[in-house]
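Participant: First the structure, then my questions, so here it is.
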Number of protein chains: 2
Amino acid sequence: MKQDLDRLMQERGLDAMWITGPANHNPAMVYFTGVANITRADLIKKQGEPPVLFHYPMEREEAARTGLRCRNLSEFNPEEILKEAGGNAARAGAIRMARIFREMGIRGRVAIGGNVELSSMYAMLAALPSQAPDIQLVSEGEDPVLMRARSTKSPDEIDRIRSIGKVSTAVIGETAEFLSSHSARGEVLVGRGGKTLTIGEVKAFIRRALAGHGAEAPEGTIFAQGRDAAIPHSTGTDAEPVCMGKTLVFDLFPCEMGGGYFYDVTRTWCMGYAPEEVEDLHHQVLLAYADAEERIRAGMRANEIQPAVCALFESKGHPTIRSDPKTERGYVHLIGHGLGLNVHESPSFLFAESNRDVLQTGAVFTIEPGLYYPERGMGVRLENTVWIRPDGAVEVVAPYPLNLVLPVRGGSRRRAARQQKTSARGKRARAAGRVKKPAARTRKKAR
Amino acid sequence: MKQDLDRLMQERGLDAMWITGPANHNPAMVYFTGVANITRADLIKKQGEPPVLFHYPMEREEAARTGLRCRNLSEFNPEEILKEAGGNAARAGAIRMARIFREMGIRGRVAIGGNVELSSMYAMLAALPSQAPDIQLVSEGEDPVLMRARSTKSPDEIDRIRSIGKVSTAVIGETAEFLSSHSARGEVLVGRGGKTLTIGEVKAFIRRALAGHGAEAPEGTIFAQGRDAAIPHSTGTDAEPVCMGKTLVFDLFPCEMGGGYFYDVTRTWCMGYAPEEVEDLHHQVLLAYADAEERIRAGMRANEIQPAVCALFESKGHPTIRSDPKTERGYVHLIGHGLGLNVHESPSFLFAESNRDVLQTGAVFTIEPGLYYPERGMGVRLENTVWIRPDGAVEVVAPYPLNLVLPVRGGSRRRAARQQKTSARGKRARAAGRVKKPAARTRKKAR
């Protein structure tokens with residue numbers, strides 16, 4: 001949490017932190033400023049002191065709205081500095097930073113962060129040592145102070161993650177309704193006018209729904225069917241028609257407009273009916289999800305979860321990246337990842353012994369087991385974002401049912417028969433309280 | 001253009017370029033890959049050879065779809081490298097990069113680019129020299145080879161910019177219709193149910209419209225009224241009602257979904273009527289726009305435009321940042337900026353002598369004069385994105401009328417009188433072919 005920063009900086013011997021870049025889609029900056037329409041600024045936090053935001057004159061009002069202490073960069077005589085730098089913008093930037101550090105009484109170790117374009121920033125960083133010889137930019141390695149602080153969330157951060165979580169589940173619900181408003185024509189979904197529904201149209205629906213809720217998906221959205229669903233990072237093929245009985249992996253990871261907090265949730269659906277082998281996969285993934293969620297205890301090492309998930313899947317006969325690190329079938333990724341202003345952040349679930357991350361109270365992360373068989377044209381992933389409450393309980397931040405089958409109009413008897421055949425398993429899953437009872441419409445169809 | 005890269009690299013003595021980061025919202029990478037769902041990759045372009053994309057195993061299909069030569073990073077034995085690096089991820093990254101450079105026969109000067117988070121990247125860069133002593137990372141300063149190549153566009157890039165330009169003007173048109181579908185109640189706009197229309201609701205409309213067209217606005221959208229309109233980077237105040245007769249600055253700069261090509265366009269509107277002093281500002285900004293567009297010749301220095309615009313505004317009695325570099329009234333920003341995969345890129349219109357940018361054929365940039373008077377609660381900016389065609393002509397990429405007044409139902413006689421009073425100026429502007437005739441509905445109202 002932010003309140004840990006000064007202690008962490010002291011422990012690591014950091015005199016200051018220097019965050020640079022815009023105040024949107026830039027987690028390190030947004031952590032302090034909130035999302036703001038600031039195209040480029042420098043934020044300096046000296047150990048034991050509140051951060052100061054150095055902004056350009058045109059962005060003074062947006063800077064003031066952050067509530068931070070602000071300094072207008074026009075106070076630093078940009079024209080004079082550019083002259084001193086012989087017209088070299090990188091050197092001018094370095095001279096200005098040196099003056100800022102001097103004025104704030106900063107010397108010694110300074111950690112650096114922020115999303116920037118390397119080509120210009122590298123030039124400025126290369127020019128800095130000669131301008132600020134008493135500043136040592138610190139290479140923090142894989143565990144920067146800021147990521148450490150951000151790896152546990154304050155109550156207001158949980159509120160914001162829950163709020164984008166509710167947007168996410170609302171969009172999932174609206175998408176499910178949209179899909180179910182279509183009818184089956186043979187093995188393909190069609191709209192009222194008889195037009196085939198494509199993956200691309202579903203994606204367009206999702207985009208509009210997100211925008212309507214004031215959210216965005218800067219890292220994309222996965223809505224992938226069949227073989228695409230079996231390749232975890234495939235986003236789906238726009239031109240493909242939405243088919244009956246094929247796995248649809250819907251992985252939604254939107255953030256607050258402007259690059260604020262993220263949420264991350266995945267559901268796997270089959271339209272109309274699920275083939276038995278897909279039901280099997282779904283059931284096993286559900287078990288793995290429940291097993292992982294139940295294993296988690298506040299204070300445990302994060303690297304303990306992945307081997308347990310691999311063991312479970314291996315016991316069911318699936319290859320995993322533990323049994324074969326190069327496998328592209330079976331269980332091929334990590335069980336989860338921390339989440340906040342980045343869609344992937346600390347804690348890490350890497351099973352390496354070198355991963356020292358601990359699942360602390362206030363940690364927010366995903367649990368997302370999956371099974372993938374590209375050659376059989378099917379993949380299943382189920383994902384929730386959870387957090388560890390102050391009382392140690394693991395809570396799904398924004399719950400949503402994990403049902404596999406979405407009803408459509410005009411499911412054939414053959415499909416209904418298949419559904420009945422697998423209904424025993426459905427009952428077991430429902431008994432475990434993880435799958436909602438199908439809606440009345442579905443049950444009628446299944447009779 | 002991309003075809004200039006090898007020549008530019010030879011001129012600057014670059015053996016290779018190394019672009020890193022994701023293949024979305026990362027212009028340097030997207031220039032080669034197109035927008036792709038790749039979370040992190042390294043692209044190496046050796047001088048005289050096609051680029052090679054080094055990707056993670058999970059993203060193999062997305063990598064293959066770029067059409068580039070691809071290498072799967074799993075070939076580099078990540079587990080063994082991590083062991084060699086003593087579990088230090090930054091060092092492991094440096095070892096892998098050193099192997100890649102060695103395998104490709106690259107030694108010497110390597111330019112670096114790409115949007116990345118500095119805190120981890122700085123650690124990796126700091127570890128690189130000891131792993132790859134024969135590689136010299138090059139600090140390219142303010143004119144990187146890639147930006148130089150990107151500063152002129154190929155025909156297919158122009159097509160893509162035009163396509164997002166048409167989305168932009170469609171959204172502007174839909175927003176104008178949305179505003180005009182409201183009625184005046186006193187000085188405030190209301191919807192059919194009598195509910196006051198707020199700036200925030202207009203922004204939500206704009207977001208949904210953009211999403212419907214498959215575009216996004218990662219850097220935000222400005223829809224700012226009155227005093228906000230007079231602060232160029234203010235995005236507007238959501239809770240404020242949309243008022244009659246106040247300046248509304250609508251600056252839209254969306255990009256293709258996933259961070260592709262941008263467009264940038266600004267219109268200033270008054271609902272129902274325009275006060276005379278606003279009409280004056282609008283007219284003067286229109287003149288400055290026309291003057292700037294007419295000055296542009298292929299081959300001229302880009303720094304010649306800004307002083308001419310300042311001179312024009314100063315002759316009308318406005319302060320400018322030339323007459324007073326600290327002014328926040330009058331003309332307070334540059335006349336334009338290059339545009340492409342970044343909303344701001346080369347050519348630069350800085351009036352410094354050190355700015356050597358030339359307006360070449362194939363260049364795409366904005367022309368956006370504006371006048372701002374915060375203390376009088378009004379600001380006007382007009383902006384188009386233009387390009388210099390191969391025949392030397394300057395063409396607006398996606399034209400849209402520059403009208404000031406948008407009609408609403410129930411404008412009072414007082415307003416109609418004001419409109420008539422200023423109609424002589426309106427006629428002059430129309431004669432100059434820059435303002436469309438008002439729609440029939442408006443003309444009826446003005447009678």
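Labels used: A, B, ... for chains in the order of the structure tokens, numbers from 1 for residues in each chain, and numbers from 1 for ligands as shown.
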Enumerate as an mmCIF file with C-alpha atoms, in the first residue's frame the residues belonging to chain A that approach chain B to within 6 Å, with only C-alpha atoms taken into account.

Facilitator:
data_model
loop_
_atom_site.group_PDB
_atom_site.id
_atom_site.type_symbol
_atom_site.label_atom_id
_atom_site.label_comp_id
_atom_site.auth_asym_id
_atom_site.auth_seq_id
_atom_site.Cartn_x
_atom_site.Cartn_y
_atom_site.Cartn_z
ATOM 1 C CA GLU A 59 -1.606 21.282 -18.218
ATOM 2 C CA ILE A 112 13.159 5.369 -11.851
ATOM 3 C CA GLY A 113 9.797 4.292 -13.254
ATOM 4 C CA GLY A 114 7.056 5.091 -15.755
ATOM 5 C CA ASN A 115 5.987 4.091 -19.252
ATOM 6 C CA VAL A 116 8.023 5.929 -21.849
ATOM 7 C CA GLU A 117 9.292 5.602 -25.395
ATOM 8 C CA LEU A 118 12.865 4.373 -24.999
ATOM 9 C CA SER A 119 14.392 6.069 -28.036
ATOM 10 C CA SER A 120 14.118 9.578 -26.601
ATOM 11 C CA TYR A 122 17.450 6.605 -23.362
ATOM 12 C CA ALA A 123 19.130 9.727 -24.787
ATOM 13 C CA SER A 139 18.381 -0.369 -11.331
ATOM 14 C CA GLY A 141 15.684 -5.278 -10.824
ATOM 15 C CA ARG A 207 -16.755 -2.870 -27.347
ATOM 16 C CA ARG A 208 -19.957 -0.809 -27.387
ATOM 17 C CA ALA A 211 -17.864 2.122 -23.813
ATOM 18 C CA GLY A 212 -21.413 2.487 -22.567
ATOM 19 C CA HIS A 233 -3.599 -15.697 -26.415
ATOM 20 C CA SER A 354 13.428 -17.493 -6.778
#

Participant: So that I can see what lies close to stretch 11-16 of chain A, please list as a list in words the residues with an atom at most 6 Å from it, counting only C-alpha atoms and leaving out residues fewer than 6 positions away in the same chain.

Facilitator: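 Non-adjacent residues within range: Lys45, Lys46, Gln47, Arg109 and Val110 of chain A.
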
Participant: Those selected residues, please, written with N, CA and C atoms and delivered as a PDB file, in the first residue's frame.

Facilitator:
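After the write, result.pdb holds the following:
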ATOM      1  N   LYS A  45       9.199  11.783  -5.741  1.00  0.00           N
ATOM      2  CA  LYS A  45       8.885  11.522  -4.337  1.00  0.00           C
ATOM      3  C   LYS A  45      10.186  11.333  -3.577  1.00  0.00           C
ATOM      4  N   LYS A  46      10.461  12.283  -2.696  1.00  0.00           N
ATOM      5  CA  LYS A  46      11.632  12.164  -1.843  1.00  0.00           C
ATOM      6  C   LYS A  46      11.234  11.341  -0.628  1.00  0.00           C
ATOM      7  N   GLN A  47      12.153  10.537  -0.127  1.00  0.00           N
ATOM      8  CA  GLN A  47      11.838   9.705   1.046  1.00  0.00           C
ATOM      9  C   GLN A  47      11.356  10.573   2.201  1.00  0.00           C
ATOM     10  N   ARG A 109      20.719   7.729  -4.206  1.00  0.00           N
ATOM     11  CA  ARG A 109      20.053   6.713  -5.010  1.00  0.00           C
ATOM     12  C   ARG A 109      18.619   7.110  -5.373  1.00  0.00           C
ATOM     13  N   VAL A 110      18.338   7.140  -6.645  1.00  0.00           N
ATOM     14  CA  VAL A 110      17.009   7.519  -7.139  1.00  0.00           C
ATOM     15  C   VAL A 110      16.473   6.385  -8.022  1.00  0.00           C
TER      16      VAL A 110
END

Participant: Would you please give, as an mmCIF file with N, CA and C atoms, in the first residue's frame, all residues of stretch 81-218 of chain A that DSSP assigns to helix (DSSP H, G or I) based on the backbone?

Facilitator:
data_model
loop_
_atom_site.group_PDB
_atom_site.id
_atom_site.type_symbol
_atom_site.label_atom_id
_atom_site.label_comp_id
_atom_site.auth_asym_id
_atom_site.auth_seq_id
_atom_site.Cartn_x
_atom_site.Cartn_y
_atom_site.Cartn_z
ATOM 1 N N ILE A 81 17.467 27.052 -20.760
ATOM 2 C CA ILE A 81 18.057 25.713 -20.635
ATOM 3 C C ILE A 81 18.361 25.125 -22.012
ATOM 4 N N LEU A 82 17.458 25.319 -22.971
ATOM 5 C CA LEU A 82 17.680 24.785 -24.319
ATOM 6 C C LEU A 82 18.926 25.424 -24.935
ATOM 7 N N LYS A 83 19.105 26.729 -24.648
ATOM 8 C CA LYS A 83 20.287 27.433 -25.157
ATOM 9 C C LYS A 83 21.547 26.822 -24.521
ATOM 10 N N GLU A 84 21.473 26.647 -23.190
ATOM 11 C CA GLU A 84 22.617 26.072 -22.461
ATOM 12 C C GLU A 84 22.972 24.686 -23.023
ATOM 13 N N ALA A 89 17.659 18.607 -27.179
ATOM 14 C CA ALA A 89 16.508 18.436 -26.284
ATOM 15 C C ALA A 89 16.794 17.430 -25.166
ATOM 16 N N ALA A 90 17.536 16.361 -25.503
ATOM 17 C CA ALA A 90 17.841 15.354 -24.483
ATOM 18 C C ALA A 90 18.709 15.965 -23.385
ATOM 19 N N ARG A 91 19.718 16.729 -23.805
ATOM 20 C CA ARG A 91 20.585 17.361 -22.821
ATOM 21 C C ARG A 91 19.803 18.393 -22.012
ATOM 22 N N ALA A 92 18.921 19.138 -22.689
ATOM 23 C CA ALA A 92 18.107 20.128 -21.982
ATOM 24 C C ALA A 92 17.251 19.445 -20.916
ATOM 25 N N GLY A 93 16.684 18.299 -21.266
ATOM 26 C CA GLY A 93 15.893 17.547 -20.293
ATOM 27 C C GLY A 93 16.728 17.127 -19.102
ATOM 28 N N ALA A 94 17.967 16.719 -19.374
ATOM 29 C CA ALA A 94 18.855 16.292 -18.293
ATOM 30 C C ALA A 94 19.225 17.471 -17.391
ATOM 31 N N ILE A 95 19.477 18.632 -18.006
ATOM 32 C CA ILE A 95 19.822 19.819 -17.208
ATOM 33 C C ILE A 95 18.655 20.173 -16.285
ATOM 34 N N ARG A 96 17.439 20.131 -16.846
ATOM 35 C CA ARG A 96 16.267 20.465 -16.028
ATOM 36 C C ARG A 96 16.100 19.485 -14.870
ATOM 37 N N MET A 97 16.246 18.180 -15.162
ATOM 38 C CA MET A 97 16.106 17.194 -14.087
ATOM 39 C C MET A 97 17.159 17.428 -13.008
ATOM 40 N N ALA A 98 18.394 17.752 -13.430
ATOM 41 C CA ALA A 98 19.456 17.999 -12.456
ATOM 42 C C ALA A 98 19.085 19.173 -11.548
ATOM 43 N N ARG A 99 18.503 20.216 -12.152
ATOM 44 C CA ARG A 99 18.101 21.389 -11.343
ATOM 45 C C ARG A 99 17.004 21.016 -10.363
ATOM 46 N N ILE A 100 16.051 20.204 -10.832
ATOM 47 C CA ILE A 100 14.945 19.772 -9.964
ATOM 48 C C ILE A 100 15.497 18.986 -8.773
ATOM 49 N N PHE A 101 16.371 18.026 -9.045
ATOM 50 C CA PHE A 101 16.953 17.228 -7.955
ATOM 51 C C PHE A 101 17.688 18.146 -6.967
ATOM 52 N N ARG A 102 18.474 19.086 -7.511
ATOM 53 C CA ARG A 102 19.260 19.981 -6.656
ATOM 54 C C ARG A 102 18.330 20.798 -5.769
ATOM 55 N N GLU A 103 17.300 21.376 -6.405
ATOM 56 C CA GLU A 103 16.382 22.241 -5.660
ATOM 57 C C GLU A 103 15.657 21.491 -4.542
ATOM 58 N N LEU A 118 11.442 4.489 -25.322
ATOM 59 C CA LEU A 118 12.865 4.373 -24.999
ATOM 60 C C LEU A 118 13.766 5.253 -25.855
ATOM 61 N N SER A 119 13.421 5.434 -27.138
ATOM 62 C CA SER A 119 14.392 6.069 -28.036
ATOM 63 C C SER A 119 14.759 7.469 -27.564
ATOM 64 N N SER A 120 13.766 8.243 -27.085
ATOM 65 C CA SER A 120 14.118 9.578 -26.601
ATOM 66 C C SER A 120 14.578 9.524 -25.146
ATOM 67 N N MET A 121 13.945 8.667 -24.341
ATOM 68 C CA MET A 121 14.267 8.615 -22.919
ATOM 69 C C MET A 121 15.683 8.120 -22.703
ATOM 70 N N TYR A 122 16.107 7.152 -23.533
ATOM 71 C CA TYR A 122 17.450 6.605 -23.362
ATOM 72 C C TYR A 122 18.492 7.710 -23.561
ATOM 73 N N ALA A 123 18.222 8.611 -24.527
ATOM 74 C CA ALA A 123 19.130 9.727 -24.787
ATOM 75 C C ALA A 123 19.210 10.649 -23.569
ATOM 76 N N MET A 124 18.063 10.923 -22.971
ATOM 77 C CA MET A 124 18.024 11.799 -21.808
ATOM 78 C C MET A 124 18.727 11.147 -20.622
ATOM 79 N N LEU A 125 18.479 9.863 -20.420
ATOM 80 C CA LEU A 125 19.103 9.146 -19.309
ATOM 81 C C LEU A 125 20.621 9.102 -19.492
ATOM 82 N N ALA A 126 21.036 8.948 -20.766
ATOM 83 C CA ALA A 126 22.472 8.887 -21.038
ATOM 84 C C ALA A 126 23.133 10.235 -20.756
ATOM 85 N N ALA A 127 22.356 11.332 -20.906
ATOM 86 C CA ALA A 127 22.917 12.668 -20.684
ATOM 87 C C ALA A 127 22.892 13.075 -19.213
ATOM 88 N N LEU A 128 22.160 12.346 -18.382
ATOM 89 C CA LEU A 128 21.947 12.786 -16.998
ATOM 90 C C LEU A 128 23.198 12.753 -16.113
ATOM 91 N N PRO A 129 24.007 11.666 -16.140
ATOM 92 C CA PRO A 129 25.122 11.584 -15.201
ATOM 93 C C PRO A 129 26.039 12.803 -15.240
ATOM 94 N N SER A 130 26.300 13.350 -16.447
ATOM 95 C CA SER A 130 27.215 14.490 -16.502
ATOM 96 C C SER A 130 26.566 15.742 -15.930
ATOM 97 N N GLN A 131 25.231 15.817 -15.943
ATOM 98 C CA GLN A 131 24.537 16.981 -15.390
ATOM 99 C C GLN A 131 24.271 16.847 -13.900
ATOM 100 N N VAL A 145 10.438 -0.979 -5.651
ATOM 101 C CA VAL A 145 9.727 -0.505 -4.458
ATOM 102 C C VAL A 145 8.251 -0.229 -4.755
ATOM 103 N N LEU A 146 8.016 0.410 -5.895
ATOM 104 C CA LEU A 146 6.647 0.811 -6.210
ATOM 105 C C LEU A 146 5.760 -0.419 -6.448
ATOM 106 N N MET A 147 6.285 -1.418 -7.156
ATOM 107 C CA MET A 147 5.513 -2.637 -7.392
ATOM 108 C C MET A 147 5.242 -3.343 -6.066
ATOM 109 N N ARG A 148 6.223 -3.303 -5.182
ATOM 110 C CA ARG A 148 6.059 -3.914 -3.857
ATOM 111 C C ARG A 148 4.907 -3.210 -3.116
ATOM 112 N N ALA A 149 4.945 -1.886 -3.106
ATOM 113 C CA ALA A 149 3.872 -1.139 -2.420
ATOM 114 C C ALA A 149 2.524 -1.435 -3.076
ATOM 115 N N ARG A 150 2.520 -1.468 -4.424
ATOM 116 C CA ARG A 150 1.263 -1.660 -5.153
ATOM 117 C C ARG A 150 0.723 -3.085 -5.039
ATOM 118 N N PRO A 155 -8.347 -0.014 0.935
ATOM 119 C CA PRO A 155 -9.796 -0.172 0.732
ATOM 120 C C PRO A 155 -10.327 0.638 -0.463
ATOM 121 N N ASP A 156 -9.798 1.840 -0.691
ATOM 122 C CA ASP A 156 -10.324 2.606 -1.825
ATOM 123 C C ASP A 156 -9.887 1.992 -3.152
ATOM 124 N N GLU A 157 -8.722 1.346 -3.171
ATOM 125 C CA GLU A 157 -8.321 0.646 -4.404
ATOM 126 C C GLU A 157 -9.217 -0.574 -4.647
ATOM 127 N N ILE A 158 -9.549 -1.311 -3.581
ATOM 128 C CA ILE A 158 -10.463 -2.458 -3.719
ATOM 129 C C ILE A 158 -11.811 -1.974 -4.269
ATOM 130 N N ASP A 159 -12.281 -0.838 -3.756
ATOM 131 C CA ASP A 159 -13.551 -0.284 -4.248
ATOM 132 C C ASP A 159 -13.490 -0.021 -5.747
ATOM 133 N N ARG A 160 -12.372 0.538 -6.189
ATOM 134 C CA ARG A 160 -12.258 0.867 -7.617
ATOM 135 C C ARG A 160 -12.145 -0.401 -8.454
ATOM 136 N N ILE A 161 -11.443 -1.403 -7.958
ATOM 137 C CA ILE A 161 -11.339 -2.674 -8.693
ATOM 138 C C ILE A 161 -12.711 -3.356 -8.736
ATOM 139 N N ARG A 162 -13.447 -3.267 -7.616
ATOM 140 C CA ARG A 162 -14.790 -3.866 -7.601
ATOM 141 C C ARG A 162 -15.691 -3.144 -8.598
ATOM 142 N N SER A 163 -15.529 -1.839 -8.674
ATOM 143 C CA SER A 163 -16.382 -1.067 -9.570
ATOM 144 C C SER A 163 -16.120 -1.449 -11.041
ATOM 145 N N ILE A 164 -14.867 -1.595 -11.440
ATOM 146 C CA ILE A 164 -14.601 -2.037 -12.824
ATOM 147 C C ILE A 164 -14.941 -3.532 -12.961
ATOM 148 N N GLY A 165 -14.887 -4.265 -11.850
ATOM 149 C CA GLY A 165 -15.317 -5.676 -11.854
ATOM 150 C C GLY A 165 -16.801 -5.788 -12.147
ATOM 151 N N LYS A 166 -17.584 -4.895 -11.543
ATOM 152 C CA LYS A 166 -19.028 -4.928 -11.795
ATOM 153 C C LYS A 166 -19.341 -4.532 -13.238
ATOM 154 N N VAL A 167 -18.580 -3.610 -13.776
ATOM 155 C CA VAL A 167 -18.716 -3.289 -15.204
ATOM 156 C C VAL A 167 -18.425 -4.539 -16.036
ATOM 157 N N SER A 168 -17.372 -5.255 -15.661
ATOM 158 C CA SER A 168 -16.963 -6.442 -16.435
ATOM 159 C C SER A 168 -18.057 -7.505 -16.411
ATOM 160 N N THR A 169 -18.600 -7.793 -15.226
ATOM 161 C CA THR A 169 -19.616 -8.841 -15.159
ATOM 162 C C THR A 169 -20.906 -8.368 -15.824
ATOM 163 N N ALA A 170 -21.187 -7.065 -15.765
ATOM 164 C CA ALA A 170 -22.357 -6.548 -16.483
ATOM 165 C C ALA A 170 -22.184 -6.781 -17.986
ATOM 166 N N VAL A 171 -20.982 -6.503 -18.499
ATOM 167 C CA VAL A 171 -20.730 -6.689 -19.933
ATOM 168 C C VAL A 171 -20.804 -8.176 -20.293
ATOM 169 N N ILE A 172 -20.308 -9.039 -19.412
ATOM 170 C CA ILE A 172 -20.408 -10.486 -19.675
ATOM 171 C C ILE A 172 -21.880 -10.894 -19.729
ATOM 172 N N GLY A 173 -22.662 -10.389 -18.790
ATOM 173 C CA GLY A 173 -24.091 -10.705 -18.776
ATOM 174 C C GLY A 173 -24.805 -10.196 -20.019
ATOM 175 N N GLU A 174 -24.488 -8.962 -20.426
ATOM 176 C CA GLU A 174 -25.116 -8.391 -21.625
ATOM 177 C C GLU A 174 -24.721 -9.183 -22.865
ATOM 178 N N THR A 175 -23.482 -9.646 -22.896
ATOM 179 C CA THR A 175 -23.009 -10.426 -24.050
ATOM 180 C C THR A 175 -23.712 -11.781 -24.094
ATOM 181 N N ALA A 176 -23.879 -12.403 -22.918
ATOM 182 C CA ALA A 176 -24.584 -13.689 -22.855
ATOM 183 C C ALA A 176 -26.021 -13.524 -23.365
ATOM 184 N N GLU A 177 -26.672 -12.441 -22.924
ATOM 185 C CA GLU A 177 -28.046 -12.170 -23.391
ATOM 186 C C GLU A 177 -28.089 -11.945 -24.896
ATOM 187 N N PHE A 178 -27.108 -11.184 -25.373
ATOM 188 C CA PHE A 178 -27.023 -10.905 -26.811
ATOM 189 C C PHE A 178 -26.890 -12.212 -27.597
ATOM 190 N N LEU A 179 -26.005 -13.090 -27.133
ATOM 191 C CA LEU A 179 -25.815 -14.375 -27.825
ATOM 192 C C LEU A 179 -27.102 -15.196 -27.781
ATOM 193 N N SER A 180 -27.717 -15.248 -26.604
ATOM 194 C CA SER A 180 -28.924 -16.067 -26.430
ATOM 195 C C SER A 180 -30.127 -15.499 -27.171
ATOM 196 N N ILE A 199 -18.058 -13.799 -35.034
ATOM 197 C CA ILE A 199 -17.226 -13.459 -33.858
ATOM 198 C C ILE A 199 -16.973 -11.945 -33.842
ATOM 199 N N GLY A 200 -16.705 -11.365 -35.021
ATOM 200 C CA GLY A 200 -16.437 -9.929 -35.109
ATOM 201 C C GLY A 200 -17.606 -9.102 -34.618
ATOM 202 N N GLU A 201 -18.828 -9.548 -34.918
ATOM 203 C CA GLU A 201 -20.004 -8.798 -34.448
ATOM 204 C C GLU A 201 -20.156 -8.891 -32.931
ATOM 205 N N VAL A 202 -19.832 -10.056 -32.387
ATOM 206 C CA VAL A 202 -19.875 -10.186 -30.924
ATOM 207 C C VAL A 202 -18.845 -9.244 -30.300
ATOM 208 N N LYS A 203 -17.660 -9.188 -30.914
ATOM 209 C CA LYS A 203 -16.630 -8.289 -30.383
ATOM 210 C C LYS A 203 -17.069 -6.829 -30.452
ATOM 211 N N ALA A 204 -17.739 -6.451 -31.546
ATOM 212 C CA ALA A 204 -18.231 -5.071 -31.673
ATOM 213 C C ALA A 204 -19.259 -4.792 -30.580
ATOM 214 N N PHE A 205 -20.116 -5.784 -30.306
ATOM 215 C CA PHE A 205 -21.100 -5.634 -29.231
ATOM 216 C C PHE A 205 -20.387 -5.402 -27.894
ATOM 217 N N ILE A 206 -19.349 -6.191 -27.657
ATOM 218 C CA ILE A 206 -18.601 -6.072 -26.390
ATOM 219 C C ILE A 206 -17.971 -4.681 -26.271
ATOM 220 N N ARG A 207 -17.394 -4.193 -27.365
ATOM 221 C CA ARG A 207 -16.755 -2.870 -27.347
ATOM 222 C C ARG A 207 -17.759 -1.777 -27.003
ATOM 223 N N ARG A 208 -18.945 -1.839 -27.659
ATOM 224 C CA ARG A 208 -19.957 -0.809 -27.387
ATOM 225 C C ARG A 208 -20.432 -0.905 -25.945
ATOM 226 N N ALA A 209 -20.601 -2.145 -25.464
ATOM 227 C CA ALA A 209 -21.057 -2.329 -24.084
ATOM 228 C C ALA A 209 -20.041 -1.736 -23.108
ATOM 229 N N LEU A 210 -18.763 -1.996 -23.346
ATOM 230 C CA LEU A 210 -17.723 -1.434 -22.467
ATOM 231 C C LEU A 210 -17.757 0.093 -22.491
ATOM 232 N N ALA A 211 -17.848 0.658 -23.686
ATOM 233 C CA ALA A 211 -17.864 2.122 -23.813
ATOM 234 C C ALA A 211 -19.073 2.698 -23.101
ATOM 235 N N GLY A 212 -20.206 2.022 -23.235
ATOM 236 C CA GLY A 212 -21.413 2.487 -22.567
ATOM 237 C C GLY A 212 -21.245 2.530 -21.054
#

Participant: Give the answer as one residue: which of A:Phe313, A:Tyr263, A:Leu406, A:Pro319 has the shortest atom-to-atom distance to A:Val386, using only C-alpha atoms?

Facilitator: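 Closest candidate: A:Tyr263.
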
Participant: Would you mind reading off the distance between atom CA of A:Thr385 and atom CA of A:Asp280, one decimal, in Å?

Facilitator: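 If I compute the distance from atom CA of A:Thr385 to atom CA of A:Asp280, I get 23.7 Å.
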
Participant: Using only C-alpha atoms, which residues sit within 8 Å of B:Val408 once same-chain residues fewer than 6 positions away are excluded, as number ranges by chain?

Facilitator: B: 179-184, 271-272

Participant: Would you kindly return, as a CSV table (one decimal) with N, CA and C atoms, in the first residue's frame, each protein, DNA or RNA residue with an atom no farther than 8 Å from any atom of B:Cys70, considering only C-alpha atoms and excluding same-chain residues fewer than 5 positions away?

Facilitator:
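Wrote it out as selection-v6.csv, contents follow:
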chain,number,residue,atom,x,y,z
B,52,VAL,N,13.1,-9.3,-37.7
B,52,VAL,CA,12.8,-10.6,-37.2
B,52,VAL,C,12.1,-10.4,-35.8
B,53,LEU,N,11.0,-11.1,-35.6
B,53,LEU,CA,10.2,-10.9,-34.4
B,53,LEU,C,10.4,-12.1,-33.4
B,54,PHE,N,11.0,-11.8,-32.3
B,54,PHE,CA,11.2,-12.8,-31.2
B,54,PHE,C,10.0,-12.7,-30.2
B,55,HIS,N,9.3,-13.8,-30.2
B,55,HIS,CA,8.0,-13.8,-29.4
B,55,HIS,C,8.0,-15.0,-28.4
B,63,ALA,N,1.9,-13.9,-33.6
B,63,ALA,CA,3.2,-13.4,-34.2
B,63,ALA,C,3.2,-13.8,-35.6
B,64,ALA,N,2.8,-15.1,-35.9
B,64,ALA,CA,2.9,-15.6,-37.3
B,64,ALA,C,2.0,-14.7,-38.2

Participant: Using atom CA of A:Arg69 and atom CA of A:Tyr56 as the two end points, give the distance in Å to one decimal.

Facilitator: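 Distance reported for this atom pair: 13.9 Å.
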
Participant: Go through A:Leu281, A:Leu341, A:Cys243, A:Ala393 one by one, measure the shortest atom-to-atom distance of each to A:Arg295 using only C-alpha atoms, and give the residue with the smallest value.

Facilitator: A:Ala393

Participant: Counting only C-alpha atoms, figure out which residue out of B:Asp264, B:Glu368, B:Asp357, B:Glu345 gets nearest to B:Val397.

Facilitator: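 Under the stated criterion, the closest residue is B:Asp264.
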